[in-house]
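Quick look at entry22.cif (mmCIF, C-alpha atoms):
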```
data_entry
loop_
_atom_site.label_atom_id
_atom_site.label_comp_id
_atom_site.auth_asym_id
_atom_site.auth_seq_id
_atom_site.Cartn_x
_atom_site.Cartn_y
_atom_site.Cartn_z
CA MET A 462 173.69 -126.05 50.07
CA GLY A 463 175.88 -123.65 52.03
CA VAL A 464 173.91 -121.91 54.79
CA ARG A 465 170.20 -121.28 55.32
CA VAL A 466 168.79 -118.94 57.97
CA GLN A 467 165.03 -118.79 58.52
CA GLY A 468 163.06 -116.50 60.82
CA LEU A 469 166.07 -115.79 63.04
CA SER A 470 165.49 -113.38 65.92
CA LEU A 471 167.67 -112.55 68.89
CA ASN A 472 167.11 -110.29 71.89
CA PHE A 473 169.52 -109.05 74.55
CA GLY A 474 167.19 -108.16 77.40
CA ALA A 475 164.67 -105.65 76.08
CA ALA A 476 166.80 -104.88 73.00
CA THR A 477 166.00 -106.67 69.75
CA ILE A 478 169.24 -107.28 67.83
CA LEU A 479 168.01 -109.50 64.98
CA ARG A 480 164.48 -109.39 63.56
CA SER A 481 163.15 -112.37 61.57
CA VAL A 482 166.24 -112.73 59.39
CA ASP A 483 165.95 -114.98 56.32
CA LEU A 484 169.07 -115.74 54.25
CA VAL A 485 170.35 -118.36 51.84
CA VAL A 486 174.10 -118.53 51.18
CA GLU A 487 174.98 -120.76 48.26
CA ASP A 488 177.67 -123.42 48.39
CA GLY A 489 181.09 -121.94 47.52
CA GLU A 490 179.83 -118.35 47.65
CA LEU A 491 181.50 -115.37 49.31
CA PHE A 492 178.52 -113.69 50.91
CA THR A 493 178.91 -110.37 52.74
CA LEU A 494 176.85 -108.86 55.55
CA LEU A 495 177.14 -105.10 55.01
CA GLY A 496 175.83 -102.35 57.22
CA PRO A 497 176.68 -99.66 59.78
CA SER A 498 177.97 -100.34 63.29
CA GLY A 499 175.26 -101.76 65.53
CA CYS A 500 173.06 -103.11 62.72
CA GLY A 501 173.35 -106.73 63.91
CA LYS A 502 175.73 -108.15 61.30
CA THR A 503 178.35 -109.43 63.78
CA THR A 504 175.63 -110.87 66.04
CA LEU A 505 174.19 -112.72 63.02
CA LEU A 506 177.65 -114.10 62.19
CA ARG A 507 178.22 -115.21 65.81
CA THR A 508 174.78 -116.84 65.89
CA ILE A 509 175.61 -118.85 62.76
CA ALA A 510 178.86 -119.89 64.47
CA GLY A 511 176.96 -121.00 67.58
CA LEU A 512 178.46 -118.30 69.81
CA GLU A 513 175.06 -116.65 70.42
CA ARG A 514 171.73 -118.35 71.12
CA PRO A 515 168.75 -117.05 69.11
CA ASN A 516 165.29 -116.58 70.60
CA ALA A 517 163.56 -117.81 67.45
CA GLY A 518 164.36 -119.27 64.07
CA GLN A 519 166.42 -122.00 62.44
CA ILE A 520 169.91 -122.32 60.94
CA TRP A 521 171.14 -125.02 58.57
CA ILE A 522 174.82 -125.46 57.66
CA ASP A 523 175.47 -127.78 54.73
CA ASP A 524 171.92 -129.18 55.05
CA ARG A 525 172.43 -129.94 58.75
CA LEU A 526 170.08 -128.28 61.24
CA VAL A 527 172.32 -126.62 63.86
CA ASN A 528 169.77 -124.25 65.46
CA ASP A 529 166.05 -124.57 66.06
CA ALA A 530 164.91 -122.35 68.91
CA ALA A 531 161.40 -123.82 69.01
CA ARG A 532 162.66 -127.39 69.42
CA GLY A 533 165.69 -126.57 71.56
CA VAL A 534 168.25 -127.66 68.94
CA LEU A 535 171.62 -125.96 69.57
CA VAL A 536 174.69 -127.64 68.10
CA PRO A 537 177.78 -126.28 69.93
CA PRO A 538 180.36 -124.21 67.97
CA GLU A 539 183.05 -126.90 68.01
CA ALA A 540 180.65 -129.38 66.36
CA ARG A 541 179.61 -127.10 63.47
CA ASN A 542 182.79 -127.50 61.37
CA VAL A 543 183.15 -123.74 61.06
CA GLY A 544 186.29 -121.57 60.86
CA PHE A 545 186.07 -118.10 62.43
CA VAL A 546 188.34 -115.10 61.83
CA PHE A 547 187.82 -112.56 64.60
CA GLN A 548 188.17 -108.80 64.22
CA SER A 549 190.81 -108.75 66.97
CA TYR A 550 192.78 -111.71 65.45
CA ALA A 551 192.54 -113.47 68.89
CA LEU A 552 196.05 -114.95 68.59
CA TRP A 553 197.97 -116.44 71.52
CA PRO A 554 200.90 -114.01 72.13
CA HIS A 555 203.08 -116.61 73.90
CA MET A 556 202.92 -119.04 70.95
CA THR A 557 204.76 -119.22 67.66
CA VAL A 558 203.01 -118.81 64.33
CA ALA A 559 202.84 -122.59 63.83
CA GLU A 560 201.58 -123.19 67.37
CA ASN A 561 198.76 -120.68 66.88
CA VAL A 562 197.70 -122.33 63.64
CA ALA A 563 197.94 -125.81 65.14
CA PHE A 564 195.77 -124.98 68.15
CA PRO A 565 192.37 -126.00 66.65
CA LEU A 566 193.80 -129.37 65.58
CA LYS A 567 195.30 -130.01 69.00
CA MET A 568 191.91 -129.32 70.58
CA ARG A 569 190.52 -132.00 68.26
CA ARG A 570 193.33 -134.35 69.38
CA ARG A 571 194.54 -134.95 65.83
CA PRO A 572 197.75 -137.01 65.34
CA ALA A 573 201.01 -135.04 65.42
CA SER A 574 201.87 -136.01 61.84
CA GLU A 575 198.52 -134.72 60.58
CA ILE A 576 198.94 -131.47 62.54
CA ARG A 577 202.37 -130.83 61.00
CA GLU A 578 201.08 -131.53 57.50
CA ARG A 579 197.98 -129.33 57.82
CA VAL A 580 199.83 -126.45 59.52
CA HIS A 581 202.39 -126.49 56.69
CA TRP A 582 199.56 -126.46 54.12
CA ALA A 583 197.63 -123.63 55.83
CA LEU A 584 200.69 -121.39 56.21
CA ASP A 585 201.64 -121.96 52.58
CA MET A 586 198.10 -120.99 51.55
CA VAL A 587 198.51 -117.56 53.20
CA GLY A 588 202.16 -117.10 52.18
CA LEU A 589 203.65 -117.51 55.68
CA GLY A 590 205.49 -120.82 55.34
CA PRO A 591 208.92 -119.32 56.22
CA PHE A 592 207.47 -117.67 59.37
CA ALA A 593 206.30 -120.84 61.13
CA SER A 594 208.80 -120.70 64.01
CA ARG A 595 208.57 -116.96 64.68
CA PRO A 596 206.78 -115.53 67.72
CA VAL A 597 203.43 -114.22 66.56
CA THR A 598 204.17 -110.91 68.34
CA ALA A 599 207.11 -110.34 65.97
CA LEU A 600 204.81 -110.10 62.95
CA SER A 601 203.20 -107.07 61.36
CA GLY A 602 199.45 -106.48 61.54
CA GLY A 603 198.94 -107.85 58.05
CA GLN A 604 200.99 -110.96 58.82
CA GLN A 605 199.07 -111.55 62.06
CA GLN A 606 195.83 -111.37 60.12
CA ARG A 607 197.15 -114.03 57.75
CA VAL A 608 197.97 -116.22 60.75
CA ALA A 609 194.38 -115.82 61.95
CA ILE A 610 193.13 -116.87 58.51
CA ALA A 611 195.48 -119.87 58.41
CA ARG A 612 194.20 -120.97 61.84
CA ALA A 613 190.60 -120.67 60.59
CA ILE A 614 191.19 -122.87 57.52
CA VAL A 615 193.64 -125.41 58.99
CA ALA A 616 190.88 -127.85 59.96
CA GLN A 617 189.39 -127.51 56.45
CA PRO A 618 185.96 -126.36 57.64
CA LYS A 619 182.79 -126.44 55.55
CA LEU A 620 182.14 -122.77 56.34
CA LEU A 621 184.44 -119.79 56.92
CA LEU A 622 183.14 -116.81 58.92
CA MET A 623 185.07 -113.51 58.91
CA ASP A 624 184.18 -110.62 61.21
CA GLU A 625 185.60 -107.30 59.95
CA PRO A 626 188.98 -108.98 59.37
CA LEU A 627 190.63 -105.88 57.86
CA SER A 628 189.49 -103.22 60.32
CA ASN A 629 192.86 -103.02 62.09
CA LEU A 630 194.90 -102.54 58.91
CA ASP A 631 195.85 -99.33 57.10
CA ALA A 632 194.16 -98.45 53.80
CA ASP A 633 196.80 -99.80 51.40
CA LEU A 634 197.21 -103.06 53.35
CA ARG A 635 193.43 -103.48 53.53
CA ARG A 636 193.23 -103.53 49.74
CA GLU A 637 196.11 -106.01 49.49
CA VAL A 638 194.76 -108.44 52.10
CA ARG A 639 191.16 -108.26 50.85
CA ASP A 640 192.34 -109.35 47.39
CA GLU A 641 194.29 -112.20 48.99
CA ILE A 642 191.17 -113.27 50.93
CA ARG A 643 189.11 -113.37 47.73
CA LYS A 644 191.80 -115.34 45.89
CA LEU A 645 192.11 -117.81 48.79
CA GLN A 646 188.33 -118.25 49.02
CA GLN A 647 188.10 -119.01 45.31
CA THR A 648 191.08 -121.38 45.43
CA LEU A 649 189.57 -123.36 48.32
CA GLY A 650 185.99 -123.07 47.04
CA ILE A 651 184.91 -122.62 50.65
CA THR A 652 181.55 -121.06 51.52
CA THR A 653 182.38 -117.79 53.27
CA ILE A 654 180.28 -115.24 55.16
CA TYR A 655 182.12 -111.94 55.56
CA VAL A 656 181.16 -108.98 57.75
CA THR A 657 182.12 -105.38 56.97
CA HIS A 658 180.81 -101.83 57.17
CA ASP A 659 182.96 -100.80 54.17
CA GLN A 660 181.05 -100.59 50.88
CA GLU A 661 184.18 -100.60 48.70
CA GLU A 662 185.51 -103.68 50.48
CA ALA A 663 182.21 -105.51 50.07
CA PHE A 664 181.92 -104.63 46.39
CA ALA A 665 185.49 -105.76 45.67
CA ILE A 666 185.23 -109.33 46.96
CA SER A 667 181.59 -110.41 47.23
CA ASP A 668 179.49 -112.68 45.06
CA ARG A 669 176.41 -111.34 46.84
CA ILE A 670 175.73 -108.88 49.64
CA ALA A 671 173.03 -108.53 52.29
CA VAL A 672 172.56 -104.92 53.42
CA MET A 673 171.45 -104.77 57.07
CA GLU A 674 170.03 -102.02 59.26
CA ALA A 675 168.57 -102.24 62.79
CA GLY A 676 168.68 -106.05 62.82
CA VAL A 677 166.83 -106.43 59.51
CA VAL A 678 168.10 -107.62 56.12
CA LEU A 679 166.84 -104.92 53.76
CA GLN A 680 168.09 -106.27 50.43
CA VAL A 681 170.21 -109.09 49.01
CA GLY A 682 171.89 -109.02 45.61
CA THR A 683 175.11 -108.83 43.66
CA PRO A 684 177.12 -105.62 44.15
CA GLN A 685 175.85 -104.24 40.84
CA GLU A 686 172.23 -105.17 41.53
CA LEU A 687 172.28 -103.36 44.87
CA TYR A 688 173.86 -100.26 43.37
CA GLU A 689 171.68 -100.09 40.27
CA TYR A 690 168.38 -101.13 41.90
CA PRO A 691 168.25 -100.03 45.57
CA ALA A 692 165.09 -101.42 47.15
CA VAL A 693 164.76 -98.79 49.89
CA ASP A 694 166.14 -95.37 50.76
CA PHE A 695 168.62 -96.73 53.30
CA VAL A 696 170.31 -99.03 50.78
CA ALA A 697 170.73 -96.21 48.26
CA ARG A 698 172.13 -93.82 50.89
CA PHE A 699 174.45 -96.39 52.45
CA LEU A 700 175.90 -97.16 49.02
CA GLY A 701 176.76 -93.50 48.47
CA GLN A 702 173.72 -92.23 46.58
CA LEU A 703 171.44 -89.32 47.39
CA VAL A 704 167.69 -89.94 47.72
CA VAL A 705 165.33 -87.11 46.74
CA GLU A 706 161.60 -86.76 46.16
CA GLY A 707 160.30 -85.82 42.73
CA THR A 708 157.18 -85.84 40.62
CA ILE A 709 156.69 -87.65 37.32
CA ARG A 710 155.41 -85.36 34.54
CA THR A 711 154.31 -86.97 31.27
CA ALA A 712 153.46 -85.67 27.81
CA GLU A 713 153.29 -87.09 24.30
CA GLU A 714 156.88 -86.06 23.63
CA GLY A 715 158.34 -87.72 26.72
CA THR A 716 158.61 -88.10 30.48
CA TRP A 717 160.28 -85.79 33.00
CA ILE A 718 160.91 -85.82 36.71
CA GLU A 719 160.33 -82.50 38.43
CA PHE A 720 162.54 -81.50 41.36
CA GLY A 721 161.63 -78.20 43.00
CA GLY A 722 160.37 -76.67 39.76
CA HIS A 723 163.23 -78.06 37.64
CA LEU A 724 162.36 -80.63 34.96
CA VAL A 725 164.87 -83.41 34.27
CA PRO A 726 164.27 -85.74 31.30
CA TRP A 727 163.70 -89.39 32.21
CA ASP A 728 165.11 -91.90 29.70
CA GLY A 729 163.98 -95.13 31.36
CA GLU A 730 160.76 -97.07 31.03
CA ARG A 731 157.55 -95.09 30.78
CA LEU A 732 156.17 -94.09 34.18
CA ALA A 733 152.78 -93.00 35.40
CA ALA A 734 152.44 -89.38 36.55
CA GLY A 735 152.76 -88.81 40.28
CA PRO A 736 155.23 -88.66 43.19
CA VAL A 737 158.38 -90.76 43.08
CA ARG A 738 161.52 -91.34 45.15
CA VAL A 739 164.74 -91.21 43.18
CA ALA A 740 168.40 -91.95 43.97
CA LEU A 741 170.99 -89.66 42.39
CA ASP A 742 174.13 -91.58 41.45
CA ILE A 743 176.76 -89.09 42.61
CA ALA A 744 179.51 -90.96 40.73
CA LYS A 745 177.82 -89.92 37.46
CA LEU A 746 177.71 -86.21 38.29
CA ARG A 747 180.37 -83.61 37.42
CA LEU A 748 180.84 -79.90 38.12
CA LEU A 749 181.53 -77.41 35.35
CA PRO A 750 181.90 -73.60 35.29
CA PRO A 751 178.83 -71.68 34.09
CA ASP A 752 180.39 -70.89 30.70
CA ALA A 753 181.56 -74.46 29.98
CA LEU A 754 180.10 -76.53 27.18
CA ASP A 755 179.41 -80.23 27.68
CA GLU A 756 177.37 -81.35 24.72
CA GLY A 757 175.24 -84.46 24.98
CA ARG A 758 174.82 -84.46 28.75
CA ILE A 759 172.07 -83.21 31.00
CA ARG A 760 172.98 -79.92 32.67
CA LEU A 761 171.46 -78.99 36.01
CA PRO A 762 171.88 -75.51 37.55
CA ALA A 763 173.44 -75.38 41.01
CA THR A 764 174.99 -72.92 43.47
CA LEU A 765 178.37 -73.45 45.12
CA ASP A 766 177.99 -73.48 48.90
CA ARG A 767 181.51 -74.40 50.05
CA LEU A 768 184.88 -75.41 48.55
CA THR A 769 187.78 -77.15 50.33
CA PHE A 770 191.14 -78.39 49.00
CA ALA A 771 191.30 -82.19 48.71
CA GLY A 772 194.88 -82.92 47.57
CA ARG A 773 195.15 -85.38 44.68
CA TRP A 774 191.34 -85.24 44.20
CA GLY A 775 191.47 -81.49 43.49
CA TRP A 776 188.69 -79.65 45.33
CA ARG A 777 185.72 -80.91 47.31
CA ALA A 778 182.69 -78.78 46.53
CA ARG A 779 179.41 -78.68 48.38
CA VAL A 780 176.72 -77.47 46.01
CA ARG A 781 173.01 -76.76 46.27
CA LEU A 782 171.09 -78.52 43.50
CA PHE A 783 167.46 -77.72 42.62
CA ASP A 784 167.78 -74.96 45.26
CA THR A 785 167.17 -77.51 48.04
CA VAL A 786 169.40 -80.60 47.61
CA LEU A 787 172.91 -80.47 49.08
CA LEU A 788 175.56 -82.76 47.63
CA GLU A 789 179.36 -82.94 47.63
CA LEU A 790 181.43 -83.58 44.51
CA TYR A 791 185.12 -83.51 43.64
CA THR A 792 186.22 -81.09 40.92
CA PRO A 793 189.49 -79.82 39.41
CA HIS A 794 188.02 -76.29 39.23
CA ALA A 795 188.69 -73.75 42.02
CA PHE A 796 185.31 -72.04 41.98
CA ALA A 797 184.56 -68.92 44.01
CA ALA A 798 182.00 -69.13 46.82
CA ALA A 799 178.39 -68.56 45.75
CA ASP A 800 179.25 -69.21 42.08
CA ARG A 801 176.48 -70.48 39.86
CA VAL A 802 177.76 -73.72 38.34
CA TRP A 803 176.53 -76.58 36.20
CA VAL A 804 176.12 -80.11 37.47
CA THR A 805 176.37 -82.34 34.41
CA ALA A 806 174.94 -85.83 34.49
CA GLU A 807 175.81 -89.01 32.62
CA PRO A 808 172.99 -91.28 31.38
CA GLY A 809 171.59 -93.45 34.16
CA PHE A 810 172.30 -91.00 36.97
CA LEU A 811 168.69 -91.28 38.16
CA LYS A 812 167.52 -94.56 39.72
CA LEU A 813 164.03 -95.32 40.95
CA VAL A 814 164.16 -96.47 44.57
CA GLY A 815 162.24 -99.71 44.99
CA ARG A 816 162.39 -100.84 41.39
CA ALA A 817 163.44 -104.50 41.11
CA PRO A 818 165.63 -105.61 38.18
CA THR A 819 164.02 -107.66 35.44
CA GLU A 820 165.35 -111.16 34.76
CA ALA A 821 167.32 -109.81 31.80
CA GLU A 822 168.91 -107.13 33.98
CA THR A 823 169.95 -109.48 36.78
CA VAL A 824 173.72 -109.30 37.15
CA ARG A 825 176.03 -112.07 38.32
CA HIS A 826 179.37 -111.37 39.99
CA PRO A 827 182.29 -112.38 37.75
CA ALA A 828 184.20 -115.44 38.92
#
```
Show this structure as structure tokens.
Amino acid sequence: MGVRVQGLSLNFGAATILRSVDLVVEDGELFTLLGPSGCGKTTLLRTIAGLERPNAGQIWIDDRLVNDAARGVLVPPEARNVGFVFQSYALWPHMTVAENVAFPLKMRRRPASEIRERVHWALDMVGLGPFASRPVTALSGGQQQRVAIARAIVAQPKLLLMDEPLSNLDADLRREVRDEIRKLQQTLGITTIYVTHDQEEAFAISDRIAVMEAGVVLQVGTPQELYEYPAVDFVARFLGQLVVEGTIRTAEEGTWIEFGGHLVPWDGERLAAGPVRVALDIAKLRLLPPDALDEGRIRLPATLDRLTFAGRWGWRARVRLFDTVLLELYTPHAFAAADRVWVTAEPGFLKLVGRAPTEAETVRHPA
């Protein structure tokens, strides 16, 4: 087993940071804690590392109990065989690249020959072998992040923890380094828990994701499971979807969902009549002029509220759908303000919030 967290709670004074968190991270998995700032994801990571002391609950790492608040078990960080990549890199500015990477081994009083061998291996793993003798301050941000990763893996830990490791990098470099992190994790086969607030980043590298809010784990699943089957409103909204209230209307010829007097055909499983909460998948919606033809797709009437130029994405339009729902979409069309337009929808653009996937629909992240 990789990591198991059971009933974990943590308070700072009167503030509750973690609330009865239960998690299982499988051996060799890249598992991401995803959520907004202040949701408790970094505190959970630090608690697993042994840097914070929980008020309740238990933590196992590789089948070893390292925390049990009720029995007073608290294995110190240095005895947990965990590598940690901090958001701030936390490198020693007066040391060379090799000296920074060697530091954890020196603290363990490993033989000099072993230190040289492992430092060489770790720097080669992150593509920094030729930079070993350089001052760490002479490196770029992306290179410094690679040094931090090399230092975290040099002792060959059972578990790698990464706290927003790309937050200090520009957008293009973030994409490059995140792909390198995923490749490295798969090469080493090391169980990894990764913290981010960035949905795209989480989707790109994760086997599974736990979405957190206000110290609570709301839902765990593969990226596709979370997107296709949001369990609660917050998950749907945080993953870029729009949650609206509707009413199921049924007849012999089919099922519809009514939004503010507008009927939209429902092509999923048969539903009982009554109120329902639905997530609109904005990625499956498009804007068309009122005279445009788009055969085979659902067309929903909308009013243009605002239009701004968005460079290579064309125009960013804010439209009013069903007379009450505001959403923003990109479009190549320069509509005039207050234009009546069509929002066209691809199949599957409506998702029932709270519907769990069936066993046949359960999706596994590709290796």
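Using all atoms listed in the file for every distance, the candidate list A:Arg507, A:Gly735, A:Ala675, A:Gln647 yields A:Ala675 as the residue closest to A:Phe695.
Between atom CA of A:Leu630 and atom CA of A:Val587 lies a distance of 16.5 Å.
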Which residues fall under the PyMOL selection byres ((chain A and resi 728-733) around 10) in this file, as an MDAnalysis selection string? chainID A and resid 708:711 715:718 725:727 734:737 808:809 811:813
Generate the output file for the selected residues, C-alpha atoms, as a PDB file, keeping the file's coordinate frame.
```pdb
ATOM      1  CA  THR A 708     157.180 -85.840  40.620  1.00  0.00           C
ATOM      2  CA  ILE A 709     156.690 -87.650  37.320  1.00  0.00           C
ATOM      3  CA  ARG A 710     155.410 -85.360  34.540  1.00  0.00           C
ATOM      4  CA  THR A 711     154.310 -86.970  31.270  1.00  0.00           C
ATOM      5  CA  GLY A 715     158.340 -87.720  26.720  1.00  0.00           C
ATOM      6  CA  THR A 716     158.610 -88.100  30.480  1.00  0.00           C
ATOM      7  CA  TRP A 717     160.280 -85.790  33.000  1.00  0.00           C
ATOM      8  CA  ILE A 718     160.910 -85.820  36.710  1.00  0.00           C
ATOM      9  CA  VAL A 725     164.870 -83.410  34.270  1.00  0.00           C
ATOM     10  CA  PRO A 726     164.270 -85.740  31.300  1.00  0.00           C
ATOM     11  CA  TRP A 727     163.700 -89.390  32.210  1.00  0.00           C
ATOM     12  CA  ALA A 734     152.440 -89.380  36.550  1.00  0.00           C
ATOM     13  CA  GLY A 735     152.760 -88.810  40.280  1.00  0.00           C
ATOM     14  CA  PRO A 736     155.230 -88.660  43.190  1.00  0.00           C
ATOM     15  CA  VAL A 737     158.380 -90.760  43.080  1.00  0.00           C
ATOM     16  CA  PRO A 808     172.990 -91.280  31.380  1.00  0.00           C
ATOM     17  CA  GLY A 809     171.590 -93.450  34.160  1.00  0.00           C
ATOM     18  CA  LEU A 811     168.690 -91.280  38.160  1.00  0.00           C
ATOM     19  CA  LYS A 812     167.520 -94.560  39.720  1.00  0.00           C
ATOM     20  CA  LEU A 813     164.030 -95.320  40.950  1.00  0.00           C
TER      21      LEU A 813
END
```
Translate the PyMOL selection byres ((chain A and resi 683-694) around 9), as applied to the file shown, into an explicit residue set as a ChimeraX atom specification. /A:663-665,667-672,679-682,695-704,738-740,742,812-818,822-826
Would you put the residues from that selection into a file with C-alpha atoms, as a PDB file, in the frame of the given file?
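The file below, again.pdb, is the result:
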```pdb
ATOM      1  CA  ALA A 663     182.210-105.510  50.070  1.00  0.00           C
ATOM      2  CA  PHE A 664     181.920-104.630  46.390  1.00  0.00           C
ATOM      3  CA  ALA A 665     185.490-105.760  45.670  1.00  0.00           C
ATOM      4  CA  SER A 667     181.590-110.410  47.230  1.00  0.00           C
ATOM      5  CA  ASP A 668     179.490-112.680  45.060  1.00  0.00           C
ATOM      6  CA  ARG A 669     176.410-111.340  46.840  1.00  0.00           C
ATOM      7  CA  ILE A 670     175.730-108.880  49.640  1.00  0.00           C
ATOM      8  CA  ALA A 671     173.030-108.530  52.290  1.00  0.00           C
ATOM      9  CA  VAL A 672     172.560-104.920  53.420  1.00  0.00           C
ATOM     10  CA  LEU A 679     166.840-104.920  53.760  1.00  0.00           C
ATOM     11  CA  GLN A 680     168.090-106.270  50.430  1.00  0.00           C
ATOM     12  CA  VAL A 681     170.210-109.090  49.010  1.00  0.00           C
ATOM     13  CA  GLY A 682     171.890-109.020  45.610  1.00  0.00           C
ATOM     14  CA  PHE A 695     168.620 -96.730  53.300  1.00  0.00           C
ATOM     15  CA  VAL A 696     170.310 -99.030  50.780  1.00  0.00           C
ATOM     16  CA  ALA A 697     170.730 -96.210  48.260  1.00  0.00           C
ATOM     17  CA  ARG A 698     172.130 -93.820  50.890  1.00  0.00           C
ATOM     18  CA  PHE A 699     174.450 -96.390  52.450  1.00  0.00           C
ATOM     19  CA  LEU A 700     175.900 -97.160  49.020  1.00  0.00           C
ATOM     20  CA  GLY A 701     176.760 -93.500  48.470  1.00  0.00           C
ATOM     21  CA  GLN A 702     173.720 -92.230  46.580  1.00  0.00           C
ATOM     22  CA  LEU A 703     171.440 -89.320  47.390  1.00  0.00           C
ATOM     23  CA  VAL A 704     167.690 -89.940  47.720  1.00  0.00           C
ATOM     24  CA  ARG A 738     161.520 -91.340  45.150  1.00  0.00           C
ATOM     25  CA  VAL A 739     164.740 -91.210  43.180  1.00  0.00           C
ATOM     26  CA  ALA A 740     168.400 -91.950  43.970  1.00  0.00           C
ATOM     27  CA  ASP A 742     174.130 -91.580  41.450  1.00  0.00           C
ATOM     28  CA  LYS A 812     167.520 -94.560  39.720  1.00  0.00           C
ATOM     29  CA  LEU A 813     164.030 -95.320  40.950  1.00  0.00           C
ATOM     30  CA  VAL A 814     164.160 -96.470  44.570  1.00  0.00           C
ATOM     31  CA  GLY A 815     162.240 -99.710  44.990  1.00  0.00           C
ATOM     32  CA  ARG A 816     162.390-100.840  41.390  1.00  0.00           C
ATOM     33  CA  ALA A 817     163.440-104.500  41.110  1.00  0.00           C
ATOM     34  CA  PRO A 818     165.630-105.610  38.180  1.00  0.00           C
ATOM     35  CA  GLU A 822     168.910-107.130  33.980  1.00  0.00           C
ATOM     36  CA  THR A 823     169.950-109.480  36.780  1.00  0.00           C
ATOM     37  CA  VAL A 824     173.720-109.300  37.150  1.00  0.00           C
ATOM     38  CA  ARG A 825     176.030-112.070  38.320  1.00  0.00           C
ATOM     39  CA  HIS A 826     179.370-111.370  39.990  1.00  0.00           C
TER      40      HIS A 826
END
```
Counting only C-alpha atoms, which of A:Asp784, A:Glu789, A:Glu513, A:Glu578 gets nearest to A:Ala563?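 Ranked by minimum distance to A:Ala563, first place goes to A:Glu578.
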Listing only residues of stretch 640-707 of chain A within 12 Å of stretch 588-609 of chain A, what is the closest atom pair and its distance in Å (to one decimal) for each, using all atoms listed in the file, sorted by chain and residue number ascending, as a Markdown table?
```
| residue | atom | partner | partner_atom | distance |
| --- | --- | --- | --- | --- |
| A:Glu641 | CA | A:Arg607 | CA | 9.4 |
| A:Ile642 | CA | A:Arg607 | CA | 9.1 |
| A:Leu645 | CA | A:Gly588 | CA | 10.6 |
```
Residues matched by the PyMOL selection byres ((chain A and resi 777) around 7), written as a list in words: Leu768, Thr769, Phe770, Ala771, Gly775, Trp776, Ala778, Arg779, Glu789, Leu790, Tyr791 and Thr792 of chain A
Determine, for each residue of stretch 669-763 of chain A having at least one atom at most 8 Å from an atom of stretch 481-491 of chain A, the closest pair of atoms and their separation in Å to one decimal, counting all atoms listed in the file; order by chain and ascending number, as a tab-separated table.
```
residue	atom	partner	partner_atom	distance
A:Arg669	CA	A:Leu491	CA	6.9
A:Gly676	CA	A:Val482	CA	7.9
A:Val677	CA	A:Val482	CA	6.3
A:Val678	CA	A:Val482	CA	6.3
```
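Distance-wise, atom CA of A:Val464 and atom CA of A:Glu661 end up 24.4 Å apart.
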Residue neighbourhood A:Lys567, 12 Å, all atoms listed in the file, exclusion window fewer than 5 positions, as a CSV table (one decimal) with C-alpha atoms, in the frame of the given file:
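Written out: result_4.csv:
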```csv
chain,number,residue,atom,x,y,z
A,559,ALA,CA,202.8,-122.6,63.8
A,560,GLU,CA,201.6,-123.2,67.4
A,561,ASN,CA,198.8,-120.7,66.9
A,562,VAL,CA,197.7,-122.3,63.6
A,572,PRO,CA,197.8,-137.0,65.3
A,573,ALA,CA,201.0,-135.0,65.4
A,574,SER,CA,201.9,-136.0,61.8
A,575,GLU,CA,198.5,-134.7,60.6
A,576,ILE,CA,198.9,-131.5,62.5
A,577,ARG,CA,202.4,-130.8,61.0
A,579,ARG,CA,198.0,-129.3,57.8
A,580,VAL,CA,199.8,-126.4,59.5
A,612,ARG,CA,194.2,-121.0,61.8
A,615,VAL,CA,193.6,-125.4,59.0
A,616,ALA,CA,190.9,-127.8,60.0
```
Best match for closeness to A:Pro762 among A:Leu741, A:Ala806, A:Ala797, A:Val466, counting only C-alpha atoms: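 Smallest separation from A:Pro762 among the options: A:Ala806.
Distance-wise, atom CA of A:Leu506 and atom CA of A:Lys644 end up 21.6 Å apart.
Of the listed residues (A:Leu584, A:Ile520, A:Ala632, A:Ala540), A:Leu584 comes nearest to A:Ile614; the distances count all atoms listed in the file.
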